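Chemist: One structure, as C-alpha cells, below. Some questions next.
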Amino acid sequence: MVNRLPASVAMLCSAGLLLAAGCMNTVSAEKFQTTQRELQLTQEKNKQLENQLAEEQQAVRTLQAQVAQLRGLGDKEAIEQLVTPVRLEFARLSGGYDTDGKAGDDGIVLFVQPIDRDGHVIKAAGSLTVTILDPLEPPNRNVVARYNFTPKAARKLWYGRLMTNHFSIRCPWPTGQLPIHNELTAYVVFVDLLTGRQITAQKAFKVSLPILPQKN
C-alpha cells in the first residue's frame, strides 16, 4: 500500500520547487542590460553586413550586365570599345643621364607614354621590356642591356603630374659592360594587361660615353 502525502503538503512542496527554480533563473539587472546591448550590437552588425552584401550583389549584377553587353559585340569591336593604348611615344628629355657628375653618361632614361586611339596619354597596366641596342655592333653582340618589368613593377615607374604623364624608366649601363658607340637604339615592348595587345616603339639616342683610363 502506497502512502500519499496530504494535498496541502504536496502544494507546499510544489510551491517550494517553483520558488527555487525562479531563484536559480533570476538574472541581475546589470547582466540583463549587458546582454541587451550585445544583442543590439549584433543586430546592427548583421544589418551592416546585409547592406554590404546587397551593395556587392548590385555591383556584381552591374558587372555582369557590362560583360553581357560587351559579349553582344564581336571580339574586335568589344576591344575597340575599351580605352587602351594603341601606340607608344618617347617624351622629350629621354636620352642619356648622369648621376655621378663625372664625364660621360651613366645610362639612358626613357619617358614612355602609352597613347590611346584618340591621341591621349593614358595610364595603362601592363609589362614593359626595354632593350638597348648598339646598331653598329654585329647582331650577335649588339645588345647592350635588357630590362624587364612586370605589371606590378611597371606601375611603380608611372609618373603623373600636371602636363607630364609617362613611365620613367632608367636603364643604367651594366657593370663592366659600357657601350662602345655613342649612338644607341632603345627598343620598348609594352604588353597591355587588359587586352593582351603588344605595342612597340624604338628610337635612336646619342649618349656621352665615359672616358676610360688609358692602359699602360
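In the C-alpha cells, chains take the letters A, B, ... in the order shown, each chain's residues start at 1, and ligands count up from 1 in the order shown.
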What lies within 9 Å of stretch 135-152 of chain A using only C-alpha atoms, ignoring chain neighbours under 2 positions off, as a list in words?
Modeler: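 After dropping sequence-adjacent residues, the list is Ala125, Gly126, Ser127, Leu128, Thr129, Val130, Thr131, Ile132, Leu133, Ala154, Arg155, Lys156, Cys171, Pro172, Trp173, Pro174, Gln177, Leu178, Pro179, Ile180, His181, Glu183, Leu184, Thr185, Val191, Asp192 and Leu193 of chain A.
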Chemist: For those residues, write C-alpha atoms to a file as a PDB file, in the first residue's frame.
Modeler:
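The resulting file, part.pdb, is reproduced below:
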ATOM      1  CA  ALA A 125      48.582  48.449 -66.784  1.00  0.00           C
ATOM      2  CA  GLY A 126      50.981  46.061 -68.433  1.00  0.00           C
ATOM      3  CA  SER A 127      54.501  44.684 -68.604  1.00  0.00           C
ATOM      4  CA  LEU A 128      57.476  46.533 -70.076  1.00  0.00           C
ATOM      5  CA  THR A 129      60.606  45.199 -71.748  1.00  0.00           C
ATOM      6  CA  VAL A 130      63.386  47.597 -72.711  1.00  0.00           C
ATOM      7  CA  THR A 131      66.314  46.578 -74.880  1.00  0.00           C
ATOM      8  CA  ILE A 132      69.238  48.925 -75.508  1.00  0.00           C
ATOM      9  CA  LEU A 133      70.957  48.106 -78.792  1.00  0.00           C
ATOM     10  CA  ALA A 154      55.875  48.938 -64.218  1.00  0.00           C
ATOM     11  CA  ARG A 155      53.106  50.576 -62.206  1.00  0.00           C
ATOM     12  CA  LYS A 156      55.718  51.925 -59.792  1.00  0.00           C
ATOM     13  CA  CYS A 171      68.453  51.999 -67.848  1.00  0.00           C
ATOM     14  CA  PRO A 172      71.942  52.122 -66.298  1.00  0.00           C
ATOM     15  CA  TRP A 173      74.866  50.570 -68.095  1.00  0.00           C
ATOM     16  CA  PRO A 174      75.516  47.045 -66.829  1.00  0.00           C
ATOM     17  CA  GLN A 177      79.740  46.489 -69.950  1.00  0.00           C
ATOM     18  CA  LEU A 178      79.885  50.023 -71.264  1.00  0.00           C
ATOM     19  CA  PRO A 179      78.632  50.632 -74.813  1.00  0.00           C
ATOM     20  CA  ILE A 180      81.300  51.077 -77.455  1.00  0.00           C
ATOM     21  CA  HIS A 181      79.488  53.573 -79.693  1.00  0.00           C
ATOM     22  CA  GLU A 183      74.576  56.226 -80.807  1.00  0.00           C
ATOM     23  CA  LEU A 184      72.252  53.612 -79.337  1.00  0.00           C
ATOM     24  CA  THR A 185      68.727  52.434 -80.047  1.00  0.00           C
ATOM     25  CA  VAL A 191      52.031  44.242 -73.309  1.00  0.00           C
ATOM     26  CA  ASP A 192      48.656  45.612 -72.263  1.00  0.00           C
ATOM     27  CA  LEU A 193      47.306  43.661 -69.302  1.00  0.00           C
TER      28      LEU A 193
END
Chemist: Determine, counting only C-alpha atoms, which protein, DNA and RNA residues have an atom within 12 Å of an atom of A:Phe111; residues of the same chain fewer than 2 positions away are not included. Present the result as JSON, numbers by chain.
Modeler: {"A": [88, 89, 90, 91, 92, 93, 94, 95, 96, 108, 109, 113, 114, 130, 157, 158, 159, 160, 164, 165, 166, 167, 168, 169, 170, 171, 186, 188, 201, 203]}
Chemist: Please indicate the distance in Å from atom CA of A:Thr84 to atom CA of A:Gln58, rounded to one decimal place.
Modeler: 26.4 Å
